[in-house]
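Chemist: Input structure: data.pdb, which contains PDB, C-alpha atoms and all ligand atoms.
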```
ATOM      1  CA  MET A   1       2.349  -5.128  19.039
ATOM      2  CA  LYS A   2       2.508  -3.694  15.560
ATOM      3  CA  LYS A   3      -0.221  -4.580  13.135
ATOM      4  CA  TYR A   4       0.878  -5.770   9.742
ATOM      5  CA  LYS A   5      -1.080  -5.634   6.555
ATOM      6  CA  SER A   6      -0.530  -7.184   3.181
ATOM      7  CA  LYS A   7       1.628  -4.866   1.115
ATOM      8  CA  ILE A   8      -0.830  -4.712  -1.764
ATOM      9  CA  ASN A   9      -3.641  -3.863   0.654
ATOM     10  CA  LYS A  10      -1.464  -1.248   2.303
ATOM     11  CA  ILE A  11      -0.664   0.480  -0.998
ATOM     12  CA  ARG A  12      -4.302   0.214  -2.004
ATOM     13  CA  SER A  13      -5.526   1.984   1.136
ATOM     14  CA  PHE A  14      -2.823   4.602   0.602
ATOM     15  CA  ALA A  15      -4.077   5.232  -2.942
ATOM     16  CA  LEU A  16      -7.644   5.421  -1.693
ATOM     17  CA  SER A  17      -6.774   7.948   1.008
ATOM     18  CA  LEU A  18      -4.947  10.027  -1.613
ATOM     19  CA  ILE A  19      -8.184  10.287  -3.607
ATOM     20  CA  PHE A  20     -10.052  11.431  -0.485
ATOM     21  CA  ILE A  21      -7.345  13.946   0.396
ATOM     22  CA  GLY A  22      -7.466  15.212  -3.180
ATOM     23  CA  PHE A  23     -11.224  15.752  -3.055
ATOM     24  CA  VAL A  24     -11.103  17.365   0.402
ATOM     25  CA  VAL A  25      -8.360  19.740  -0.751
ATOM     26  CA  MET A  26     -10.312  20.635  -3.898
ATOM     27  CA  TYR A  27     -13.445  21.117  -1.828
ATOM     28  CA  GLY A  28     -11.420  23.391   0.466
ATOM     29  CA  ALA A  29     -10.840  25.676  -2.507
ATOM     30  CA  ILE A  30     -14.512  26.751  -2.236
ATOM     31  CA  PHE A  31     -13.743  28.519   1.044
ATOM     32  CA  PHE A  32     -11.119  30.651  -0.659
ATOM     33  CA  ARG A  33     -13.095  31.606  -3.737
ATOM     34  CA  GLU A  34     -12.418  35.329  -3.116
ATOM     35  CA  ASN A  35      -8.767  34.664  -3.749
ATOM     36  CA  ILE A  36      -8.204  33.244  -7.217
ATOM     37  CA  TRP A  37      -4.618  32.273  -6.395
ATOM     38  CA  LEU A  38      -5.568  30.218  -3.342
ATOM     39  CA  VAL A  39      -8.280  28.509  -5.378
ATOM     40  CA  ALA A  40      -5.751  27.726  -8.095
ATOM     41  CA  ILE A  41      -3.253  26.374  -5.553
ATOM     42  CA  PHE A  42      -5.848  24.205  -3.809
ATOM     43  CA  MET A  43      -7.215  22.902  -7.105
ATOM     44  CA  THR A  44      -3.715  22.038  -8.301
ATOM     45  CA  LEU A  45      -2.871  20.298  -5.018
ATOM     46  CA  GLY A  46      -6.101  18.331  -5.117
ATOM     47  CA  LEU A  47      -5.516  17.368  -8.720
ATOM     48  CA  LEU A  48      -1.945  16.316  -7.914
ATOM     49  CA  CYS A  49      -3.234  14.031  -5.133
ATOM     50  CA  ILE A  50      -5.672  12.403  -7.527
ATOM     51  CA  VAL A  51      -3.017  12.023 -10.213
ATOM     52  CA  ALA A  52      -0.651  10.510  -7.616
ATOM     53  CA  SER A  53      -3.393   8.136  -6.554
ATOM     54  CA  THR A  54      -3.987   7.051 -10.144
ATOM     55  CA  ALA A  55      -0.261   6.471 -10.528
ATOM     56  CA  THR A  56      -0.291   4.421  -7.314
ATOM     57  CA  TYR A  57      -3.138   2.303  -8.656
ATOM     58  CA  LEU A  58      -1.150   1.682 -11.839
ATOM     59  CA  TRP A  59       1.835   0.768  -9.691
ATOM     60  CA  ILE A  60      -0.266  -1.742  -7.720
ATOM     61  CA  GLY A  61      -1.326  -3.244 -11.029
ATOM     62  CA  LEU A  62       2.300  -3.669 -12.037
ATOM     63  CA  LEU A  63       3.243  -5.055  -8.629
ATOM     64  CA  SER A  64       0.384  -7.537  -8.715
ATOM     65  CA  THR A  65       1.645  -9.015 -11.958
ATOM     66  CA  LYS A  66       5.052  -9.501 -10.330
ATOM     67  CA  ALA A  67       3.688 -10.863  -7.065
ATOM     68  CA  VAL A  68       3.662 -14.608  -6.538
ATOM     69  CA  GLN A  69       0.245 -16.141  -6.176
ATOM     70  CA  VAL A  70      -0.010 -18.635  -3.354
ATOM     71  CA  VAL A  71      -2.749 -20.408  -1.481
ATOM     72  CA  CYS A  72      -2.912 -19.172   2.079
ATOM     73  CA  PRO A  73      -2.438 -22.119   4.466
ATOM     74  CA  ASN A  74      -4.660 -20.437   7.028
ATOM     75  CA  CYS A  75      -7.785 -19.432   5.099
ATOM     76  CA  GLY A  76      -7.266 -21.394   1.873
ATOM     77  CA  LYS A  77      -7.784 -18.387  -0.407
ATOM     78  CA  TYR A  78      -5.537 -17.277  -3.225
ATOM     79  CA  THR A  79      -3.392 -14.374  -2.152
ATOM     80  CA  LYS A  80      -0.335 -12.595  -3.505
ATOM     81  CA  VAL A  81       3.056 -12.392  -1.881
ATOM     82  CA  LEU A  82       5.327  -9.436  -2.551
ATOM     83  CA  GLY A  83       8.945  -9.665  -1.516
ATOM     84  CA  ARG A  84      10.333 -12.250   0.896
ATOM     85  CA  VAL A  85       7.604 -11.919   3.489
ATOM     86  CA  ASP A  86       4.085 -10.614   3.208
ATOM     87  CA  MET A  87       0.713 -11.012   4.814
ATOM     88  CA  CYS A  88      -2.309 -12.826   3.462
ATOM     89  CA  MET A  89      -4.678 -10.254   1.947
ATOM     90  CA  TYR A  90      -7.683 -11.854   3.640
ATOM     91  CA  CYS A  91      -6.667 -13.109   7.073
ATOM     92  CA  ASN A  92      -3.284 -11.369   7.603
ATOM     93  CA  GLU A  93      -1.504 -14.676   8.037
ATOM     94  CA  PRO A  94       2.246 -14.061   7.656
ATOM     95  CA  LEU A  95       3.554 -15.807   4.536
ATOM     96  CA  THR A  96       7.081 -16.271   3.299
ATOM     97  CA  LEU A  97       8.678 -17.437   0.077
ATOM     98  CA  ASP A  98      12.005 -18.038   1.768
ATOM     99  CA  PRO A  99      12.213 -21.519   3.363
ATOM    100  CA  THR A 100      14.912 -20.344   5.791
ATOM    101  CA  LEU A 101      12.440 -17.912   7.318
ATOM    102  CA  GLU A 102       9.689 -20.463   7.685
ATOM    103  CA  GLY A 103       8.356 -20.772  11.187
ATOM    104  CA  LYS A 104      10.132 -17.627  12.318
ATOM    105  CA  GLU A 105       8.223 -14.780  13.819
ATOM    106  CA  PHE A 106       7.030 -12.355  11.203
ATOM    107  CA  ASP A 107       9.243  -9.322  10.826
ATOM    108  CA  GLN A 108       8.802  -6.656   8.180
ATOM    109  CA  SER A 109      12.556  -6.103   8.233
ATOM    110  CA  TYR A 110      13.145  -9.424   6.434
ATOM    111  CA  ASN A 111      12.219  -7.531   3.310
ATOM    112  CA  ASN A 112      15.218  -5.359   3.830
ATOM    113  CA  LYS A 113      18.252  -7.551   3.181
ATOM    114  CA  ARG A 114      20.709  -5.529   5.234
ATOM    115  CA  LYS A 115      18.465  -5.371   8.298
ATOM    116  CA  ALA A 116      17.740  -9.102   8.080
ATOM    117  CA  GLU A 117      21.456  -9.932   8.041
ATOM    118  CA  ASP A 118      22.033  -8.007  11.253
ATOM    119  CA  LYS A 119      19.841 -10.451  13.103
TER     120      LYS A 119
HETATM  121 ZN    ZN F 201      -5.270 -16.162   4.614
END
```
Write the structure described by the file as structure tokens, please.
Ligand SMILES: [Zn+2]
Modeler:
Amino acid sequence: MKKYKSKINKIRSFALSLIFIGFVVMYGAIFFRENIWLVAIFMTLGLLCIVASTATYLWIGLLSTKAVQVVCPNCGKYTKVLGRVDMCMYCNEPLTLDPTLEGKEFDQSYNNKRKAEDK
């Protein structure tokens, strides 16, 4: 069985891993300090990862303002729903904004209109 995560959480962990990758890549540059070009390439790559991560964080911020805030029926906390279906950020309870999908088994493909119509 596939494990689903709230979209905002998913993007957030992606942004966080980008920062780590960026730092690891920049740290890797130390091992190539004899070669100025390799150092430059590694530093640039690391910096790009960190810039991409910052951009992702900004994107999450924008997405969060667009997301619909709902109270999770399972844990009672306020969570945000992105798209037609999403998971609760705290307990991973599947949530939907579309009444026709209510009670149906959670499927990430409901977010993709074409895929959902094939069903
Ligand atoms: Zn919940």
Chemist: Sort by chain and increasing residue number a table of all residues of chain A within 8 Å of ligand ZN 201 (chain F), each with its closest pair of atoms and their distance in Å to one decimal, counting only C-alpha atoms and all ligand atoms, and write it as a Markdown table.
Modeler:
```
| residue | atom | partner | partner_atom | distance |
| --- | --- | --- | --- | --- |
| A:Val71 | CA | F:ZN201 | ZN | 7.8 |
| A:Cys72 | CA | F:ZN201 | ZN | 4.6 |
| A:Pro73 | CA | F:ZN201 | ZN | 6.6 |
| A:Asn74 | CA | F:ZN201 | ZN | 4.9 |
| A:Cys75 | CA | F:ZN201 | ZN | 4.2 |
| A:Gly76 | CA | F:ZN201 | ZN | 6.2 |
| A:Lys77 | CA | F:ZN201 | ZN | 6.0 |
| A:Tyr78 | CA | F:ZN201 | ZN | 7.9 |
| A:Thr79 | CA | F:ZN201 | ZN | 7.2 |
| A:Met87 | CA | F:ZN201 | ZN | 7.9 |
| A:Cys88 | CA | F:ZN201 | ZN | 4.6 |
| A:Met89 | CA | F:ZN201 | ZN | 6.5 |
| A:Tyr90 | CA | F:ZN201 | ZN | 5.0 |
| A:Cys91 | CA | F:ZN201 | ZN | 4.2 |
| A:Asn92 | CA | F:ZN201 | ZN | 6.0 |
| A:Glu93 | CA | F:ZN201 | ZN | 5.3 |
```
Chemist: Out of A:Leu63, A:Asn111, A:Ile50, A:Thr100, which residue has the shortest atom-to-atom distance to A:Phe20 when counting only C-alpha atoms?
Modeler: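 Using only C-alpha atoms, A:Phe20 sits closest to A:Ile50.
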Chemist: At a cut-off of 12 Å, using only C-alpha atoms, what residues contact A:Gly83? Leave out same-chain residues fewer than 6 positions from it and give the result as a PyMOL selection string.
Modeler: chain A and resi 6-8+63-64+66-69+95-98+108-113
Chemist: If we count all atoms listed in the file, what is near A:Ala15 at a cut-off of 8 Å, once residues fewer than 5 positions away on the same chain are taken out, given as a ChimeraX atom specification?
Modeler: /A:52-54,56-57
Chemist: Suppose a student applies the PyMOL selection byres (((chain A and resi 43-48) around 7) and not hetatm) to this structure; what residues should they get, written as a ChimeraX atom specification?
Modeler: /A:22-23,25-26,29,39-42,49-52
Chemist: Need the axis-aligned box for stretch 16-29 of chain A with 6 Å each side, so what are the centre and edges in Å to one decimal, as AutoDock Vina command-line options?
Modeler:
```
--center_x -9.2 --center_y 15.5 --center_z -1.4 --size_x 20.5 --size_y 32.3 --size_z 16.9
```
